[in-house]
Every structure is written in structure tokens, then in C-alpha cells.
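Q: Sharing coords_25.cif below, mmCIF, C-alpha atoms:
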data_final
#
loop_
_atom_site.label_atom_id
_atom_site.label_comp_id
_atom_site.auth_asym_id
_atom_site.auth_seq_id
_atom_site.Cartn_x
_atom_site.Cartn_y
_atom_site.Cartn_z
CA MET A 1150 118.29 88.87 99.34
CA GLU A 1151 121.91 89.94 98.91
CA GLU A 1152 123.62 90.78 102.17
CA ILE A 1153 124.96 94.32 102.59
CA ARG A 1154 128.69 94.00 103.26
CA ASP A 1155 130.86 96.10 105.54
CA THR A 1156 133.58 97.41 103.21
CA ASN A 1157 135.75 98.41 106.18
CA LYS A 1158 135.93 94.83 107.50
CA LYS A 1159 139.17 92.99 106.87
CA PRO A 1160 138.82 89.93 104.60
CA SER A 1161 140.13 87.69 107.33
CA GLU A 1162 137.44 88.73 109.82
CA PRO A 1163 134.57 86.24 110.08
CA ALA A 1164 131.13 87.61 109.27
CA PRO A 1165 129.00 88.18 112.36
CA ARG A 1166 126.35 85.54 112.86
CA ARG A 1167 122.81 86.77 112.15
CA VAL A 1168 120.41 86.63 115.09
CA ARG A 1169 117.64 84.17 114.27
CA ILE A 1170 114.12 83.55 115.52
CA SER A 1171 115.41 80.45 117.32
CA ASP A 1172 117.93 82.61 119.24
CA LEU A 1173 115.16 84.90 120.41
CA ALA A 1174 112.97 81.95 121.35
CA GLN A 1175 115.75 80.43 123.46
CA ALA A 1176 116.53 83.74 125.19
CA LEU A 1177 112.85 84.36 125.96
CA GLY A 1178 111.89 80.82 126.83
CA LEU A 1179 109.14 80.84 124.19
CA THR A 1180 108.41 78.77 121.12
CA LYS A 1181 109.59 80.01 117.72
CA SER A 1182 105.95 80.24 116.62
CA THR A 1183 105.05 82.49 119.55
CA VAL A 1184 108.06 84.74 118.92
CA SER A 1185 107.25 84.99 115.21
CA ARG A 1186 103.60 85.86 115.84
CA ALA A 1187 104.59 88.41 118.47
CA LEU A 1188 107.02 90.11 116.09
CA ASN A 1189 104.25 90.31 113.49
CA ASN A 1190 101.80 91.76 116.03
CA TYR A 1191 99.23 88.98 115.77
CA SER A 1192 96.20 89.68 117.95
CA ASP A 1193 96.28 86.25 119.63
CA ILE A 1194 99.54 87.21 121.37
CA SER A 1195 99.13 89.40 124.44
CA PRO A 1196 100.40 93.00 124.29
CA GLU A 1197 102.77 92.27 127.19
CA THR A 1198 104.36 89.35 125.32
CA ARG A 1199 104.63 91.36 122.11
CA GLU A 1200 106.33 94.19 124.00
CA ARG A 1201 108.77 91.82 125.72
CA VAL A 1202 109.66 90.09 122.46
CA ALA A 1203 110.17 93.41 120.68
CA ARG A 1204 112.44 94.66 123.47
CA VAL A 1205 114.63 91.56 123.51
CA ALA A 1206 114.75 91.50 119.69
CA ALA A 1207 116.05 95.09 119.70
CA GLU A 1208 118.60 94.29 122.42
CA MET A 1209 119.90 91.27 120.48
CA GLY A 1210 119.98 93.11 117.16
CA TYR A 1211 117.41 90.92 115.43
CA ALA A 1212 116.35 92.08 111.95
CA PRO A 1213 113.84 90.07 109.87
CA MET A 1214 114.60 89.08 106.29
CA PRO A 1215 111.61 90.25 104.20
CA TYR A 1216 111.96 87.54 101.56
CA ALA A 1217 112.10 84.79 104.17
CA GLN A 1218 109.06 86.28 105.90
CA ALA A 1219 107.12 86.27 102.66
CA VAL A 1220 107.93 82.62 102.04
CA ARG A 1221 107.04 81.62 105.59
CA THR A 1222 103.82 83.64 106.03
CA GLY A 1223 102.58 83.88 102.44
CA ARG A 1224 102.57 87.68 102.87
CA VAL A 1225 104.54 90.16 100.79
CA ARG A 1226 103.87 92.94 103.33
CA ALA A 1227 102.35 95.22 100.70
CA LEU A 1228 99.07 97.13 100.76
CA GLY A 1229 97.23 97.68 97.49
CA LEU A 1230 95.38 100.74 96.19
CA VAL A 1231 93.72 100.87 92.78
CA LEU A 1232 92.71 104.40 91.73
CA GLU A 1233 89.72 104.47 89.41
CA LEU A 1234 90.38 107.27 86.94
CA ASP A 1235 86.79 107.29 85.72
CA ALA A 1236 85.61 108.74 89.06
CA PRO A 1237 83.70 112.02 88.53
CA ASP A 1238 86.28 114.22 90.25
CA ARG A 1239 89.27 111.86 89.98
CA TYR A 1240 89.67 111.90 93.77
CA GLY A 1241 90.18 115.64 93.95
CA PRO A 1242 93.03 117.43 95.71
CA PHE A 1243 93.09 115.20 98.80
CA LEU A 1244 95.11 112.48 97.07
CA THR A 1245 98.67 113.64 97.87
CA ASP A 1246 98.06 113.86 101.62
CA PHE A 1247 96.04 110.65 101.55
CA LEU A 1248 98.84 108.68 99.90
CA GLY A 1249 101.37 110.27 102.23
CA GLY A 1250 99.45 109.04 105.25
CA ILE A 1251 99.21 105.49 103.91
CA THR A 1252 102.89 105.23 102.98
CA GLN A 1253 104.12 106.75 106.24
CA GLU A 1254 102.07 104.41 108.42
CA ALA A 1255 102.89 101.40 106.26
CA SER A 1256 106.60 102.22 106.43
CA LEU A 1257 106.51 102.48 110.23
CA GLU A 1258 105.09 98.95 110.33
CA GLY A 1259 107.57 97.61 107.76
CA TRP A 1260 105.04 97.44 104.92
CA THR A 1261 104.91 99.08 101.49
CA LEU A 1262 102.17 100.45 99.24
CA THR A 1263 101.51 99.23 95.70
CA ILE A 1264 99.49 101.68 93.58
CA ALA A 1265 97.76 100.93 90.29
CA SER A 1266 95.06 102.66 88.25
CA SER A 1267 92.10 101.70 86.10
CA ASN A 1268 89.73 103.46 83.73
CA SER A 1269 86.66 101.28 84.32
CA ARG A 1270 85.16 98.84 86.77
CA GLU A 1271 86.14 95.91 84.54
CA GLU A 1272 89.72 97.13 84.27
CA MET A 1273 89.82 97.58 88.04
CA GLU A 1274 88.85 93.94 88.58
CA ASP A 1275 91.46 92.81 86.06
CA THR A 1276 94.11 94.92 87.80
CA VAL A 1277 93.22 93.57 91.23
CA THR A 1278 93.35 90.00 89.93
CA ARG A 1279 96.74 90.58 88.31
CA LEU A 1280 98.22 92.11 91.47
CA LEU A 1281 97.04 89.12 93.48
CA GLN A 1282 98.26 86.55 90.97
CA GLU A 1283 101.67 88.22 90.82
CA HIS A 1284 101.85 88.27 94.65
CA LYS A 1285 102.33 92.05 94.77
CA VAL A 1286 99.75 92.83 97.48
CA ASP A 1287 98.21 91.24 100.57
CA GLY A 1288 95.06 93.36 100.80
CA PHE A 1289 93.42 96.52 99.48
CA ILE A 1290 92.32 99.96 100.59
CA LEU A 1291 89.09 100.92 98.80
CA PRO A 1292 88.40 104.68 98.64
CA ARG A 1293 85.20 106.40 97.45
CA THR A 1294 82.72 103.75 98.48
CA GLN A 1295 79.45 103.43 96.60
CA VAL A 1296 76.01 102.69 98.00
CA VAL A 1297 76.19 99.32 96.25
CA ASP A 1298 79.90 98.73 95.81
CA PRO A 1299 80.78 95.81 93.51
CA ARG A 1300 84.37 95.84 94.78
CA VAL A 1301 83.17 94.44 98.11
CA LYS A 1302 81.60 91.29 96.68
CA PHE A 1303 84.46 90.91 94.21
CA LEU A 1304 87.12 90.84 96.93
CA GLN A 1305 85.00 88.80 99.33
CA ALA A 1306 84.59 86.13 96.66
CA LYS A 1307 88.38 85.98 96.37
CA HIS A 1308 88.82 85.95 100.18
CA VAL A 1309 91.06 89.01 99.96
CA PRO A 1310 91.28 91.34 102.99
CA PHE A 1311 90.26 94.97 102.43
CA VAL A 1312 89.30 98.12 104.29
CA LEU A 1313 86.84 100.76 103.05
CA PHE A 1314 87.35 104.51 103.13
CA GLY A 1315 83.68 105.20 103.78
CA ARG A 1316 80.67 102.98 104.30
CA THR A 1317 78.23 101.28 101.96
CA GLY A 1318 74.48 100.71 101.90
CA HIS A 1319 73.53 104.36 102.53
CA GLY A 1320 74.91 104.32 106.04
CA GLN A 1321 73.37 101.01 107.06
CA PRO A 1322 75.53 98.72 109.22
CA ASP A 1323 78.20 96.87 107.27
CA PRO A 1324 78.39 93.55 109.12
CA GLY A 1325 81.81 91.99 108.95
CA LEU A 1326 83.39 94.87 107.00
CA SER A 1327 86.31 97.03 108.08
CA TRP A 1328 85.99 100.75 107.39
CA TYR A 1329 87.17 104.23 108.30
CA ASP A 1330 84.89 107.20 107.66
CA VAL A 1331 84.46 110.89 108.40
CA ASP A 1332 81.05 112.06 109.62
CA GLY A 1333 79.95 114.12 106.62
CA GLU A 1334 76.32 113.79 107.67
CA GLY A 1335 77.06 115.45 111.00
CA ALA A 1336 79.05 118.18 109.25
CA MET A 1337 76.12 119.07 106.98
CA ARG A 1338 73.76 119.21 109.97
CA ALA A 1339 76.17 121.55 111.70
CA ALA A 1340 76.50 123.69 108.55
CA VAL A 1341 72.73 124.22 108.36
CA ALA A 1342 72.57 124.95 112.09
CA ARG A 1343 75.33 127.55 111.72
CA LEU A 1344 73.55 129.28 108.84
CA ALA A 1345 70.18 129.16 110.59
CA GLY A 1346 71.86 130.69 113.61
CA PHE A 1347 72.96 133.61 111.42
CA GLY A 1348 69.32 134.12 110.45
CA HIS A 1349 69.15 132.35 107.06
CA ARG A 1350 65.78 130.82 106.19
CA ARG A 1351 66.36 129.82 102.56
CA ILE A 1352 69.31 127.42 102.68
CA ALA A 1353 70.12 125.36 99.56
CA PHE A 1354 72.21 122.23 99.10
CA ALA A 1355 74.48 121.27 96.19
CA GLY A 1356 75.41 117.60 96.47
CA SER A 1357 77.57 115.06 94.69
CA HIS A 1358 76.75 111.97 92.61
CA ALA A 1359 74.11 109.89 94.37
CA SER A 1360 75.85 106.61 93.53
CA TYR A 1361 78.49 107.47 96.17
CA ASN A 1362 77.61 106.70 99.74
CA PHE A 1363 79.05 109.94 101.11
CA ALA A 1364 76.80 111.98 98.80
CA LEU A 1365 73.61 110.53 100.26
CA LEU A 1366 74.84 110.84 103.83
CA ARG A 1367 75.70 114.52 103.36
CA ARG A 1368 72.33 115.12 101.71
CA ASP A 1369 70.64 113.44 104.67
CA GLY A 1370 72.61 115.65 107.04
CA TYR A 1371 71.36 118.74 105.20
CA ARG A 1372 67.75 117.59 105.47
CA GLU A 1373 68.15 116.71 109.13
CA GLY A 1374 69.70 120.13 109.75
CA LEU A 1375 66.68 121.84 108.23
CA GLU A 1376 64.32 119.81 110.40
CA GLU A 1377 66.27 120.51 113.56
CA ALA A 1378 66.31 124.24 112.73
CA GLY A 1379 62.56 124.24 112.14
CA LEU A 1380 62.97 125.13 108.46
CA PRO A 1381 60.77 123.60 105.73
CA PHE A 1382 62.32 121.35 103.11
CA ASP A 1383 61.99 122.78 99.59
CA PRO A 1384 62.97 120.30 96.83
CA GLU A 1385 63.83 123.25 94.54
CA LEU A 1386 66.71 124.09 96.86
CA GLU A 1387 68.31 120.66 96.68
CA LEU A 1388 70.53 119.79 93.70
CA MET A 1389 72.61 116.63 93.20
CA GLU A 1390 75.04 115.13 90.67
CA ILE A 1391 77.52 118.04 90.98
CA SER A 1392 81.18 117.04 90.76
CA ASP A 1393 83.43 119.96 89.75
CA ARG A 1394 83.83 123.73 89.86
CA SER A 1395 81.95 124.42 86.63
CA GLU A 1396 79.00 122.31 87.75
CA GLY A 1397 79.11 124.05 91.12
CA ALA A 1398 78.89 127.38 89.32
CA GLN A 1399 75.91 126.23 87.29
CA ALA A 1400 74.20 125.04 90.46
CA ALA A 1401 74.64 128.52 91.96
CA ARG A 1402 73.17 130.12 88.83
CA ASP A 1403 70.17 127.80 88.86
CA LEU A 1404 69.51 128.43 92.54
CA LEU A 1405 69.91 132.21 92.33
CA ASP A 1406 67.55 132.32 89.33
CA LEU A 1407 64.69 130.82 91.35
CA PRO A 1408 61.72 133.11 92.10
CA HIS A 1409 62.64 132.82 95.77
CA PRO A 1410 66.42 132.26 95.72
CA PRO A 1411 68.40 131.05 98.71
CA THR A 1412 70.53 133.36 100.79
CA ALA A 1413 72.94 130.53 101.60
CA ILE A 1414 74.20 127.36 99.90
CA VAL A 1415 75.76 124.33 101.56
CA TYR A 1416 78.06 122.54 99.11
CA SER A 1417 78.97 118.89 99.50
CA THR A 1418 82.60 119.57 98.48
CA ASP A 1419 84.97 122.53 98.43
CA ALA A 1420 85.86 121.96 94.78
CA THR A 1421 82.25 122.56 93.72
CA ALA A 1422 81.75 125.43 96.17
CA LEU A 1423 84.48 127.43 94.44
CA GLY A 1424 82.12 127.69 91.48
CA ALA A 1425 79.88 129.97 93.56
CA TYR A 1426 82.72 132.51 93.69
CA ASP A 1427 82.74 132.64 89.88
CA VAL A 1428 79.01 133.32 89.80
CA ALA A 1429 79.31 135.97 92.51
CA ARG A 1430 81.84 137.84 90.36
CA GLU A 1431 79.55 137.55 87.33
CA ARG A 1432 76.63 139.06 89.22
CA GLY A 1433 78.38 141.60 91.41
CA LEU A 1434 77.60 139.73 94.62
CA THR A 1435 79.78 139.59 97.72
CA ILE A 1436 80.35 136.12 99.14
CA GLY A 1437 79.68 136.17 102.88
CA ARG A 1438 77.29 139.09 102.66
CA ASP A 1439 74.97 138.75 99.65
CA LEU A 1440 75.40 134.97 99.53
CA SER A 1441 76.73 132.70 102.28
CA ILE A 1442 78.64 129.52 101.43
CA ILE A 1443 79.69 126.59 103.62
CA SER A 1444 81.27 123.42 102.22
CA TYR A 1445 83.25 120.33 103.10
CA ASP A 1446 86.79 118.95 102.61
CA GLY A 1447 89.27 121.63 103.68
CA ILE A 1448 91.29 121.83 100.45
CA PRO A 1449 94.09 124.46 100.30
CA GLU A 1450 92.37 126.33 97.44
CA GLY A 1451 89.57 127.20 99.83
CA ARG A 1452 91.94 129.31 101.92
CA MET A 1453 93.26 131.17 98.88
CA VAL A 1454 89.99 132.70 97.67
CA ASP A 1455 88.59 135.99 98.94
CA PRO A 1456 86.96 135.65 101.36
CA PRO A 1457 88.36 132.31 102.57
CA LEU A 1458 85.91 129.44 102.41
CA THR A 1459 84.16 128.28 105.57
CA THR A 1460 84.50 124.51 105.45
CA PHE A 1461 84.41 121.31 107.45
CA ALA A 1462 87.93 119.98 106.98
CA VAL A 1463 89.04 116.38 106.65
CA ASP A 1464 92.55 115.34 107.67
CA SER A 1465 93.33 113.23 104.59
CA GLN A 1466 96.80 112.29 105.81
CA HIS A 1467 95.38 110.96 109.07
CA ALA A 1468 92.69 109.09 107.14
CA GLY A 1469 95.33 107.39 105.00
CA ALA A 1470 97.36 106.44 108.05
CA ARG A 1471 94.36 104.98 109.88
CA LEU A 1472 93.26 102.97 106.84
CA ALA A 1473 96.74 101.49 106.55
CA SER A 1474 96.74 100.66 110.25
CA LEU A 1475 93.31 99.00 110.09
CA LEU A 1476 94.24 96.91 107.06
CA ILE A 1477 97.53 95.79 108.61
CA ALA A 1478 95.68 94.83 111.81
CA GLN A 1479 93.24 92.77 109.73
CA LEU A 1480 96.09 91.07 107.88
CA ARG A 1481 97.57 90.17 111.26
CA GLY A 1482 94.41 88.38 112.29
CA ALA A 1483 92.02 90.95 113.78
CA PRO A 1484 88.35 90.37 112.80
CA PRO A 1485 87.35 92.90 110.08
CA GLY A 1486 84.01 93.75 111.72
CA GLU A 1487 85.85 95.00 114.82
CA LEU A 1488 87.98 97.42 112.78
CA THR A 1489 85.67 100.38 112.20
CA GLU A 1490 86.22 104.05 112.96
CA LEU A 1491 84.06 107.18 112.53
CA VAL A 1492 85.62 110.60 113.15
CA ALA A 1493 84.31 114.15 112.97
CA ALA A 1494 85.24 116.75 110.38
CA GLN A 1495 86.59 119.98 111.89
CA LEU A 1496 84.97 123.35 111.22
CA GLU A 1497 87.39 125.89 109.74
CA PRO A 1498 85.60 129.25 109.71
CA GLY A 1499 86.38 131.61 106.85
CA GLY A 1500 84.67 134.71 105.59
CA SER A 1501 82.25 133.02 103.21
CA ASP A 1502 79.30 132.88 105.60
CA GLY A 1503 77.51 135.35 107.78
CA PRO A 1504 74.11 136.95 108.42
CA PRO A 1505 71.85 137.55 105.40
CA VAL A 1506 71.36 141.11 104.18
CA ASP A 1507 67.57 140.75 104.42
CA PRO A 1508 66.80 138.01 106.98
#
So, in terms of C-alpha cells, how does the structure I just supplied come out?
A:
Amino acid sequence: MEEIRDTNKKPSEPAPRRVRISDLAQALGLTKSTVSRALNNYSDISPETRERVARVAAEMGYAPMPYAQAVRTGRVRALGLVLELDAPDRYGPFLTDFLGGITQEASLEGWTLTIASSNSREEMEDTVTRLLQEHKVDGFILPRTQVVDPRVKFLQAKHVPFVLFGRTGHGQPDPGLSWYDVDGEGAMRAAVARLAGFGHRRIAFAGSHASYNFALLRRDGYREGLEEAGLPFDPELELMEISDRSEGAQAARDLLDLPHPPTAIVYSTDATALGAYDVARERGLTIGRDLSIISYDGIPEGRMVDPPLTTFAVDSQHAGARLASLLIAQLRGAPPGELTELVAAQLEPGGSDGPPVDP
């Protein structure tokens, strides 16, 4: 790497000597290996030692050379993310905040993010292989996990570290896998409980594609919510495979055309729930009075409609930051199975739900 020169320095002045790992080791009375592992936050070095090494390094003006680190450790200090453009909703509006969280956390740790895209599962595998062969990434963040996710076996076979945004196997334990997830199942239970508390007895559910793990978990939460509220499950009130606003609108039409229509609908995503507003305008209904709506995600568009959407919000920026942190910890030696995190979505009340007109 070319050295940045001080243009104000006189030609006759000798260049200051760069502080090296060996200098730190001598000052600390530690081996070069211990100092190096401490600077890279390896889990086999105690927090006290890591803190002491970091403090002395700062005092002595030590700055690592990224290229030299890559040669020595085999790492390029880059996280990988391959966006699959054939996803039903193309990741929705959360993507900007999500990427911002990843890049901010990675930057704080001295890492970067490499982003690529694919239009099919086969192209995704080719892209991952190319990024690895070209030494552009050390590990991957995998969003939008599926119940049976082929990316998991693909990366495991290549011995490549990765972290999942979500779980696999329909919520069953993922032994040995690292993941971060938001409790969508709990959010759907709470949504049904809220509506039942208002007096609703016919509560419908509009869910996402069943191949995605989150879709089944949110559906399960809806069913559990009905059971806990003492309400019967009616298969006519449960619709799946809904991915965008137009499909959300059609779901609302189908449900409202039933002989005994629901007075409330729980949507699996905000983007699909907005379709119910279109149907309400078509039929002269008032959202929040004639039809109650609760959904999940917390996208900005949900605050812009009238009345604002009641939703369980996800902090996508925080999710991105935590995923980056978990992957970096794994790359530094932490066991993947110990790097799991489940957080709650936060209720953001709007005006889209309330007591039914005829309870």
C-alpha cells in the first residue's frame, strides 16, 4: 500500500519510523502472536488483555496495514451480502436502513461490505463462489431465510462462515448456526390479543410465501393468538402467498366477500397491508372503524396513510449492525452456535385498529 506523505515535511527530514507489532509486544511484555490476536479481538484472548493492548497501541500510535494483515491472517476484512433479486418482494423498503447498519458496524471494526446480486439460486451460488475465489469476502450475511435454505449447506460444504438473518427449519433449533432474528411469531400473537381486546371475534390473517421461515412463524403466532384469546380457528380467514400491495388488496377483497367476513385483518407485512386501504376506498369503508388492520415491519409508508398503520416495527438498521457484529465475532474465532440473538418487534400504534362497529 502506498504511504501517505506529509507534503509539509522538509525533504531532509527522515520519515518517522512506523510502530510495529514487535514494538507493542516489547512494550507490553507479550508475544507478537498474543498482541496480534488481541488487536483482532480473538475470543481466546481475555478482555482485560485486549483492552490493555488496545490502550498501549493507541498511546504508541500503532496503525495496522490492511494489506499486510490480509497476507498474514488470510482475511480481507470484508463481509459479503448477495441480494437475490428473484425474491417475491425484492427485500422491500427495509434495505437502505439494513445496509446502513451493516456498513456502519463493519466500519467501526475496520471491515468493509461487499455487495453483489443474483437473479436465481444458481446464479447466487456462482456469485458466492466467484467472490471467494477472488478473495473479496471472508464470510456472508444471509437475509430472508427459508424453511429449507440451500445456502446453508452450500456454504457449510465450502467451510465459509456465515450468519443468518432469521432462522431455518420452521423455528426448530439450528445447531451450530449463527443467527439474528426478530420475534415475528410473538408480534402476531400480540396483534390478535390486541384486536380481541377491542372486541373483535372474526380476525383474519394475510401471510407471506410459505417457503420463507418468517412466514410460517408469523402464521403460527396468529393461530396461537386465536387460541389464547379463546377464538376458533377458521381456515377461510387464513390466506398465504401474499407478497405485495396488489396481492394484499386482493386478499382484503376475498376476505370481505365471505358470507361472514372478518372485522379485522392481521397482515404479515406492512407492504401488503397497504392494499387494504385501497379496498377500503373502493367500498366506502373507514379503516380503523369498519375494518381494523394491524401489520408488521414499521415501514415509513405506513405512517403516511390515513389513518396511520398500527404495526409491529423492526429496527432494520440495528438488525444490520448486529448481523455484522455476529459475523465478525465468528470470523475472529467465536463458535457460531453461541452467536444467536432473538429480539422483540416494537408496537407502534396508529389509527388503523379499534373496536368493531358491531362486536
Q: Between A:Ile1448, A:Ala1203, A:Ala1265, A:Ala1255, which residue has the minimum interatomic distance to Thr1460 in chain A, considering all atoms listed in the file?
A: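 Closest to Thr1460 in chain A, using all atoms listed in the file: A:Ile1448.
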Q: Would you write out, as number ranges by chain, every residue that the PyMOL selection byres ((chain A and resi 1171) around 10) captures in this file?
A: A: 1168-1170, 1172-1177, 1179-1182, 1184-1185
Q: Excluding Pro1292 in chain A and any residue of its chain fewer than 3 positions from it, enumerate the residues within 12 Å of it, using only C-alpha atoms, and give them as a ChimeraX atom specification.
A: /A:1229-1233,1236,1239-1240,1243-1244,1247-1248,1289,1295,1298,1300-1301,1311-1317,1328-1330,1361-1363,1465,1468-1469,1472-1473
Q: Anything within 9 Å of (74.7, 118.0, 108.8): list those residues as a list in words, counting all atoms listed in the file and sticking to the file's coordinates.
A: Asp1332, Gly1333, Glu1334, Gly1335, Ala1336, Met1337, Arg1338, Ala1339, Ala1340, Val1341, Ala1342, Leu1366, Arg1367, Arg1368, Asp1369, Gly1370, Tyr1371, Arg1372, Glu1373, Gly1374 and Leu1375 of chain A
Q: Point out the residue among A:Leu1365, A:Ala1345, A:Leu1407, A:Leu1480 with the least atom-to-atom distance to Gly1379 in chain A, counting all atoms listed in the file.
A: A:Ala1345
